[in-house]
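Undergrad: Contents of structure_9.cif (mmCIF, C-alpha atoms) are given next:
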```
data_model
loop_
_atom_site.label_atom_id
_atom_site.label_comp_id
_atom_site.auth_asym_id
_atom_site.auth_seq_id
_atom_site.Cartn_x
_atom_site.Cartn_y
_atom_site.Cartn_z
CA MET A 323 0.00 0.00 0.00
CA PRO A 324 1.44 3.41 -0.90
CA ALA A 325 2.50 5.60 1.98
CA ILE A 326 0.31 8.59 2.81
CA ARG A 327 2.12 11.84 2.20
CA CYS A 328 2.12 14.34 5.02
CA PRO A 329 -0.62 16.84 4.19
CA SER A 330 0.79 19.54 6.41
CA ARG A 331 3.79 19.88 4.10
CA GLY A 332 1.61 20.61 1.12
CA ARG A 333 -1.12 23.12 0.47
CA ASP A 334 -2.73 24.73 3.47
CA VAL A 335 -5.72 23.00 4.97
CA ASN A 336 -7.40 24.69 7.90
CA GLY A 337 -7.14 22.68 11.14
CA LEU A 338 -10.90 22.47 11.54
CA ILE A 339 -11.37 21.21 7.98
CA ARG A 340 -8.56 18.74 8.39
CA GLY A 341 -10.09 17.51 11.66
CA ALA A 342 -13.52 17.05 10.06
CA VAL A 343 -12.00 15.06 7.17
CA LEU A 344 -9.91 12.90 9.51
CA VAL A 345 -12.94 12.08 11.65
CA ALA A 346 -15.11 11.38 8.59
CA ALA A 347 -12.50 9.06 7.06
CA ALA A 348 -11.89 7.34 10.40
CA THR A 349 -15.50 6.14 10.56
CA LEU A 350 -15.30 4.25 7.25
CA PRO A 351 -15.20 0.46 7.19
CA GLY A 352 -11.85 -1.13 6.28
CA ALA A 353 -8.38 0.21 7.03
CA GLU A 354 -7.54 0.53 3.34
CA ARG A 355 -10.62 2.65 2.62
CA ARG A 356 -9.98 4.85 5.63
CA GLU A 357 -6.45 5.66 4.49
CA ARG A 358 -7.47 6.13 0.89
CA TYR A 359 -10.36 8.52 1.62
CA ARG A 360 -8.38 10.43 4.22
CA GLU A 361 -5.78 11.34 1.62
CA GLN A 362 -8.33 11.81 -1.16
CA TRP A 363 -10.58 14.15 0.81
CA LEU A 364 -7.65 16.15 2.19
CA ALA A 365 -6.39 16.62 -1.36
CA ASP A 366 -9.88 17.68 -2.47
CA CYS A 367 -10.15 20.23 0.35
CA ALA A 368 -6.67 21.55 -0.45
CA GLY A 369 -7.48 21.91 -4.15
CA ALA A 370 -11.06 23.11 -3.84
CA GLY A 371 -10.05 26.72 -4.50
CA GLU A 372 -8.71 25.81 -7.96
CA LEU A 373 -12.24 24.86 -9.00
CA GLY A 374 -13.89 27.82 -7.32
CA MET A 375 -15.25 25.67 -4.54
CA SER A 376 -14.89 26.22 -0.82
CA ALA A 377 -12.86 23.82 1.31
CA PRO A 378 -15.44 23.84 4.17
CA SER A 379 -18.20 22.74 1.79
CA VAL A 380 -16.00 19.93 0.46
CA ALA A 381 -15.18 18.88 4.03
CA ALA A 382 -18.89 18.94 4.92
CA GLY A 383 -19.51 16.81 1.84
CA ALA A 384 -16.89 14.35 3.03
CA VAL A 385 -18.60 14.10 6.43
CA TRP A 386 -21.99 13.54 4.81
CA ALA A 387 -20.45 11.03 2.38
CA ALA A 388 -18.94 9.11 5.30
CA VAL A 389 -22.37 8.93 6.96
CA ARG A 390 -23.94 7.67 3.74
CA MET A 391 -21.13 5.23 3.01
CA ASN A 392 -21.61 3.76 6.49
CA LEU A 393 -25.37 3.57 6.09
CA SER A 394 -25.03 1.63 2.87
CA HIS A 395 -23.25 -1.27 4.54
CA GLY A 396 -26.05 -3.00 6.41
CA ALA A 397 -26.17 -0.47 9.22
CA ALA A 398 -29.97 -0.19 9.04
CA GLY A 399 -30.44 -2.89 11.70
CA PRO A 400 -28.22 -1.38 14.39
CA LEU A 401 -29.48 2.14 13.64
CA GLY A 402 -33.09 0.97 13.80
CA LEU A 403 -32.37 -0.62 17.15
CA ALA A 404 -30.73 2.61 18.31
CA VAL A 405 -33.84 4.61 17.33
CA VAL A 406 -36.12 2.16 19.18
CA LEU A 407 -33.95 2.41 22.30
CA VAL A 408 -33.83 6.22 22.19
CA VAL A 409 -37.57 6.65 21.56
CA GLY A 410 -38.50 3.91 24.03
CA GLY A 411 -36.12 5.32 26.62
CA ILE A 412 -37.57 8.81 26.32
CA ARG A 413 -41.07 7.41 26.68
CA LEU A 414 -40.02 5.38 29.72
CA ALA A 415 -38.43 8.44 31.29
CA THR A 416 -41.55 10.56 30.77
CA VAL A 417 -44.18 8.08 32.03
CA ARG A 418 -42.34 6.58 34.98
CA PRO A 419 -41.77 8.45 38.22
CA ASP A 420 -38.31 6.88 38.30
CA TRP A 421 -36.78 8.37 35.16
CA ILE A 422 -33.32 6.86 35.47
CA PRO A 423 -33.99 3.55 33.58
CA GLY A 424 -35.54 5.48 30.70
CA VAL A 425 -32.67 7.92 30.42
CA ALA A 426 -30.21 5.03 30.65
CA THR A 427 -32.03 3.21 27.82
CA ALA A 428 -32.06 6.34 25.65
CA LEU A 429 -28.38 6.95 26.27
CA ALA A 430 -27.61 3.32 25.44
CA GLY A 431 -29.45 3.78 22.16
CA ALA A 432 -27.54 6.98 21.37
CA ALA A 433 -24.26 5.27 22.20
CA LEU A 434 -24.95 2.16 20.12
CA PRO A 435 -23.90 3.56 16.70
CA ILE A 436 -20.75 5.06 18.23
CA LEU A 437 -19.96 1.77 19.94
CA LEU A 438 -20.39 -0.09 16.66
CA LEU A 439 -18.01 2.31 14.93
CA ILE A 440 -15.43 1.81 17.67
CA VAL A 441 -15.79 -1.98 17.53
CA ARG A 442 -15.45 -1.93 13.76
CA ARG A 443 -12.46 0.40 13.97
CA PHE A 444 -10.46 -2.08 16.02
CA LEU A 445 -11.78 -5.41 14.80
CA GLU A 446 -11.44 -5.69 11.08
CA ASN A 447 -12.46 -8.30 8.50
CA GLY A 448 -14.78 -10.99 9.68
CA ALA A 449 -15.24 -9.48 13.09
CA PHE A 450 -18.45 -8.33 14.69
CA GLY A 451 -19.13 -4.77 13.66
CA ASP A 452 -17.49 -4.98 10.24
CA LEU A 453 -20.75 -4.36 8.45
CA ALA A 454 -19.16 -4.03 5.01
CA ASN A 455 -17.65 -7.46 5.35
CA VAL A 456 -20.92 -8.88 6.63
CA ALA A 457 -22.65 -7.46 3.56
CA ARG A 458 -20.05 -9.06 1.28
CA GLN A 459 -20.43 -12.40 3.06
CA ALA A 460 -24.21 -12.20 2.69
CA ARG A 461 -23.79 -11.94 -1.07
CA ARG A 462 -21.80 -15.20 -1.04
CA VAL A 463 -24.32 -17.33 0.85
CA PRO A 464 -26.05 -20.11 -1.14
CA GLY A 465 -29.12 -18.67 -2.80
CA GLY A 466 -27.37 -15.39 -3.65
CA PRO A 467 -27.92 -11.87 -2.44
CA ARG A 468 -31.70 -12.05 -2.20
CA ARG A 469 -31.63 -14.85 0.39
CA GLY A 470 -29.00 -13.12 2.54
CA ARG A 471 -30.86 -9.80 2.35
CA MET A 472 -34.22 -11.36 3.13
CA LEU A 473 -32.79 -13.23 6.11
CA SER A 474 -31.18 -10.11 7.58
CA LEU A 475 -34.31 -8.04 6.92
CA THR A 476 -36.55 -10.67 8.56
CA LEU A 477 -34.34 -11.08 11.61
CA GLY A 478 -33.77 -7.33 11.97
CA GLY A 479 -37.46 -6.58 11.57
CA ALA A 480 -38.45 -9.27 14.08
CA LEU A 481 -35.97 -7.91 16.62
CA LEU A 482 -37.20 -4.34 16.19
CA LEU A 483 -40.87 -5.36 16.42
CA THR A 484 -40.24 -7.41 19.55
CA LEU A 485 -38.38 -4.59 21.24
CA SER A 486 -41.00 -2.04 20.23
CA ALA A 487 -43.81 -4.29 21.53
CA VAL A 488 -42.02 -4.93 24.83
CA LEU A 489 -41.39 -1.23 25.39
CA PHE A 490 -44.95 -0.31 24.40
CA LEU A 491 -46.54 -2.92 26.68
CA TYR A 492 -44.18 -2.07 29.50
CA THR A 493 -45.05 1.62 29.43
CA ARG A 494 -48.77 1.15 28.77
CA HIS A 495 -49.48 -0.40 32.16
CA MET A 496 -47.73 2.26 34.20
CA MET B 1284 -18.88 -5.54 -13.33
CA GLU B 1285 -21.93 -5.91 -11.09
CA PRO B 1286 -25.31 -4.42 -12.00
CA LEU B 1287 -26.12 -1.30 -9.99
CA SER B 1288 -28.72 -1.87 -7.30
CA ARG B 1289 -29.84 1.78 -7.31
CA ILE B 1290 -29.63 4.16 -10.26
CA THR B 1291 -30.52 7.69 -9.23
CA SER B 1292 -30.55 10.80 -11.33
CA ALA B 1293 -27.28 11.83 -9.65
CA THR B 1294 -25.73 8.48 -10.62
CA VAL B 1295 -26.60 9.12 -14.26
CA ASP B 1296 -25.12 12.64 -13.97
CA VAL B 1297 -21.85 11.18 -12.69
CA LEU B 1298 -21.78 8.61 -15.50
CA ASP B 1299 -22.46 11.40 -17.99
CA VAL B 1300 -19.42 13.34 -16.78
CA LEU B 1301 -17.23 10.24 -16.80
CA LEU B 1302 -18.29 9.35 -20.33
CA ALA B 1303 -17.57 12.86 -21.58
CA GLY B 1304 -13.78 12.47 -21.39
CA GLN B 1305 -11.32 9.72 -22.18
CA GLU B 1306 -8.80 10.85 -19.57
CA PRO B 1307 -9.11 9.97 -15.86
CA ARG B 1308 -10.75 12.84 -13.99
CA TRP B 1309 -10.12 14.21 -10.54
CA GLY B 1310 -12.95 13.32 -8.15
CA LEU B 1311 -13.61 16.93 -7.17
CA GLU B 1312 -13.70 17.92 -10.83
CA ILE B 1313 -16.49 15.37 -11.31
CA VAL B 1314 -18.33 16.91 -8.33
CA LYS B 1315 -18.02 20.34 -9.93
CA ALA B 1316 -19.06 19.12 -13.39
CA THR B 1317 -22.22 17.42 -12.12
CA GLY B 1318 -23.29 20.49 -10.16
CA ARG B 1319 -24.21 18.17 -7.30
CA ALA B 1320 -23.03 18.34 -3.70
CA SER B 1321 -19.79 16.53 -2.90
CA GLY B 1322 -21.66 14.59 -0.20
CA THR B 1323 -23.86 13.16 -2.95
CA VAL B 1324 -21.16 12.45 -5.54
CA TYR B 1325 -18.53 10.81 -3.28
CA PRO B 1326 -20.79 7.89 -2.23
CA ILE B 1327 -21.87 7.42 -5.86
CA LEU B 1328 -18.25 7.21 -7.06
CA ASP B 1329 -17.55 4.78 -4.21
CA ARG B 1330 -20.51 2.61 -5.20
CA LEU B 1331 -19.59 2.70 -8.90
CA GLU B 1332 -16.03 1.72 -8.09
CA ARG B 1333 -17.05 -1.14 -5.81
CA SER B 1334 -19.42 -2.40 -8.49
CA GLY B 1335 -16.65 -2.33 -11.10
CA TRP B 1336 -18.11 0.50 -13.20
CA VAL B 1337 -15.20 2.86 -12.61
CA THR B 1338 -11.58 2.50 -11.65
CA SER B 1339 -9.56 5.03 -9.71
CA THR B 1340 -5.86 5.74 -9.35
CA TRP B 1341 -3.71 8.23 -7.52
CA GLU B 1342 -2.48 11.13 -9.58
CA ALA B 1343 1.13 10.87 -10.72
CA ASP B 1344 2.00 14.54 -10.29
CA SER B 1345 5.34 14.70 -8.56
CA GLU B 1346 5.40 18.53 -8.61
CA ARG B 1347 2.45 18.87 -6.25
CA ARG B 1348 3.29 18.15 -2.63
CA GLY B 1349 0.91 16.96 0.02
CA PRO B 1350 -2.01 14.54 -0.33
CA ARG B 1351 -2.56 13.06 -3.77
CA ARG B 1352 -5.70 13.50 -5.82
CA ARG B 1353 -7.79 10.51 -6.80
CA LEU B 1354 -8.56 10.17 -10.51
CA TYR B 1355 -11.59 8.28 -11.80
CA GLN B 1356 -12.24 6.65 -15.15
CA ILE B 1357 -15.14 4.59 -16.42
CA THR B 1358 -14.24 1.03 -17.42
CA GLY B 1359 -14.56 -0.14 -21.02
CA GLU B 1360 -17.06 -2.77 -19.91
CA ALA B 1361 -19.29 -0.23 -18.15
CA ALA B 1362 -19.25 2.43 -20.87
CA PRO B 1363 -21.95 0.81 -23.10
CA ALA B 1364 -24.22 0.24 -20.07
CA ALA B 1365 -23.69 3.84 -18.98
CA ARG B 1366 -24.56 5.09 -22.47
CA ARG B 1367 -27.77 3.04 -22.36
CA LEU B 1368 -28.69 4.65 -19.02
CA LEU B 1369 -28.07 8.11 -20.47
CA ALA B 1370 -30.13 7.29 -23.53
CA ALA B 1371 -32.98 5.98 -21.37
CA ARG B 1372 -32.95 9.18 -19.33
CA ALA B 1373 -32.92 11.31 -22.47
CA GLU B 1374 -35.93 9.37 -23.75
CA ARG B 1375 -37.79 9.85 -20.47
CA GLU B 1376 -37.07 13.58 -20.51
CA ALA B 1377 -38.18 13.87 -24.12
CA ALA B 1378 -41.40 12.03 -23.34
CA ARG B 1379 -41.98 14.29 -20.35
CA ALA B 1380 -41.34 17.38 -22.46
CA ARG B 1381 -43.82 16.15 -25.06
CA ALA B 1382 -46.39 15.63 -22.31
CA GLY B 1383 -45.74 19.15 -21.04
CA ASP B 1384 -44.45 18.10 -17.62
CA PRO B 1385 -41.64 20.18 -16.12
CA LEU B 1386 -38.21 18.52 -16.16
CA PRO B 1387 -36.93 17.30 -12.79
CA GLN B 1388 -34.41 19.62 -11.16
CA PRO B 1389 -31.04 18.41 -9.83
CA GLY B 1390 -31.40 16.98 -6.36
CA THR B 1391 -34.91 15.65 -6.96
#
```
Turn this file's structure into structure tokens for me.
TA:
Amino acid sequence: MPAIRCPSRGRDVNGLIRGAVLVAAATLPGAERRERYREQWLADCAGAGELGMSAPSVAAGAVWAAVRMNLSHGAAGPLGLAVVLVVGGIRLATVRPDWIPGVATALAGAALPILLLIVRRFLENGAFGDLANVARQARRVPGGPRRGRMLSLTLGGALLLTLSAVLFLYTRHM
Amino acid sequence: MEPLSRITSATVDVLDVLLAGQEPRWGLEIVKATGRASGTVYPILDRLERSGWVTSTWEADSERRGPRRRLYQITGEAAPAARRLLAARAEREAARARAGDPLPQPGT
């Protein structure tokens, strides 16, 4: 793999822009992709002026691209679960006199995507949290992509429905 | 080359820009040429590359210091399919124009 050149020796990139690009690239799945996009996006920010574009808007685009590139790798399940936990936690906190369990549930939901990113950052191919790899594996299962996708959709949907039902029933009788 | 699972209007715009030139193009130049936001174009280029529609390489400009630019080029295998997508869009727009409907704006 080619070595990354030191951006600070080249054209000027504002520290804030550089930080945003580094964070955006750091969230991507796969060490190779992280290094590649870090250099690519820094070069784009540095050269944005040549095309009459602003470096902050390119950096913001990189951040948004990183979010979308993460979402496209089977992250719907964990994010759905995070939403259920946050919404359910808020509801728990508002209907129960003891608000601590609800707040704890909501915080757990908010922390889940971050936790997944951290897990994926340190455990690469084949490990839990490497959603891109999981997606690639799903395409290789017998029966092709449709079977893998249907299985993950069914299991994810069942999990979300169960959790939603449990939270709804739990809060309804309070 | 894998078939694309999702072909948006922005995807066709990116393919249009890539087909316009024979030389590899800088990613940000493609963003500029499409008139779309970089946050829209970067994931599309990523998806096209992972599906084998485009290839990318680092620039070989030794004069410029600092991070290298990434250059994109459509593959020979993907070019006919991309042209078909462009033709299909042109047909749809022509049909819409004949029917008197307004053309869709970028980002829709």
Undergrad: Specify as a list in words all residues of chain B found within 9 Å of chain A, counting all atoms listed in the file.
TA: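 Per the criterion, chain B yields Trp1309, Gly1310, Leu1311, Glu1312, Lys1315, Ala1320, Ser1321, Gly1322, Thr1323, Val1324, Tyr1325, Pro1326, Asp1329, Arg1330, Trp1341, Arg1347, Arg1348, Gly1349, Pro1350, Arg1351, Arg1352 and Arg1353 of chain B.
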Undergrad: I need the residues from that last selection saved to file as a compact mmCIF listing (two decimals), in the frame of the given file (with C-alpha atoms), if you can.
TA:
```txt
# COMPACT_ATOMS: atom_id res chain seq x y z
CA TRP B 1309 -10.12 14.21 -10.54
CA GLY B 1310 -12.95 13.32 -8.15
CA LEU B 1311 -13.61 16.93 -7.17
CA GLU B 1312 -13.70 17.92 -10.83
CA LYS B 1315 -18.02 20.34 -9.93
CA ALA B 1320 -23.03 18.34 -3.70
CA SER B 1321 -19.79 16.53 -2.90
CA GLY B 1322 -21.66 14.59 -0.20
CA THR B 1323 -23.86 13.16 -2.95
CA VAL B 1324 -21.16 12.45 -5.54
CA TYR B 1325 -18.53 10.81 -3.28
CA PRO B 1326 -20.79 7.89 -2.23
CA ASP B 1329 -17.55 4.78 -4.21
CA ARG B 1330 -20.51 2.61 -5.20
CA TRP B 1341 -3.71 8.23 -7.52
CA ARG B 1347 2.45 18.87 -6.25
CA ARG B 1348 3.29 18.15 -2.63
CA GLY B 1349 0.91 16.96 0.02
CA PRO B 1350 -2.01 14.54 -0.33
CA ARG B 1351 -2.56 13.06 -3.77
CA ARG B 1352 -5.70 13.50 -5.82
CA ARG B 1353 -7.79 10.51 -6.80
```
Undergrad: Pick from A:Ala404, A:Leu491, A:Ile339, A:Leu393: nearest to A:Leu437, with only C-alpha atoms counted?
TA: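 The shortest atom-to-atom distance to A:Leu437 comes from A:Ala404.
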Undergrad: Given the file shown, enumerate the residues that the PyMOL selection byres ((chain B and resi 1287) around 9) captures and present them as a ChimeraX atom specification.
TA: /B:1285-1286,1288-1290,1330-1331,1334,1336
Undergrad: When you draw a straight line from atom CA of A:Val343 to atom CA of B:Arg1308, how long is it in Å?
TA: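 Atom-to-atom, atom CA of A:Val343 to atom CA of B:Arg1308, that is 21.3 Å.
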Undergrad: Mind telling me what the PyMOL selection byres ((chain A and resi 408-422) around 12) catches here, as an MDAnalysis selection string?
TA: chainID A and resid 401:407 423:435 482 485:496
Undergrad: What does the structure give for the distance between atom CA of A:Val345 and atom CA of B:Arg1333, in Å to one decimal?
TA: 22.3 Å
Undergrad: Taking all listed atoms of stretch 415-434 of chain A, build the axis-aligned box, pad each of the six sides by 4 Å, then write its centre and edge lengths in Å to one decimal as JSON.
TA:
```
{"center_x": -34.2, "center_y": 6.4, "center_z": 29.2, "size_x": 27.9, "size_y": 16.4, "size_z": 26.2}
```
Undergrad: Please enumerate the residues selected by the PyMOL selection byres ((chain B and resi 1355-1364) around 9) when evaluated against the supplied file, formatted as a list of chain:residue names.
TA: B:Met1284, B:Leu1298, B:Leu1301, B:Leu1302, B:Gly1304, B:Gln1305, B:Glu1306, B:Pro1307, B:Arg1308, B:Trp1309, B:Gly1310, B:Ile1313, B:Leu1328, B:Leu1331, B:Glu1332, B:Gly1335, B:Trp1336, B:Val1337, B:Thr1338, B:Ser1339, B:Thr1340, B:Trp1341, B:Arg1353, B:Leu1354, B:Ala1365, B:Arg1366, B:Arg1367, B:Leu1368, B:Leu1369
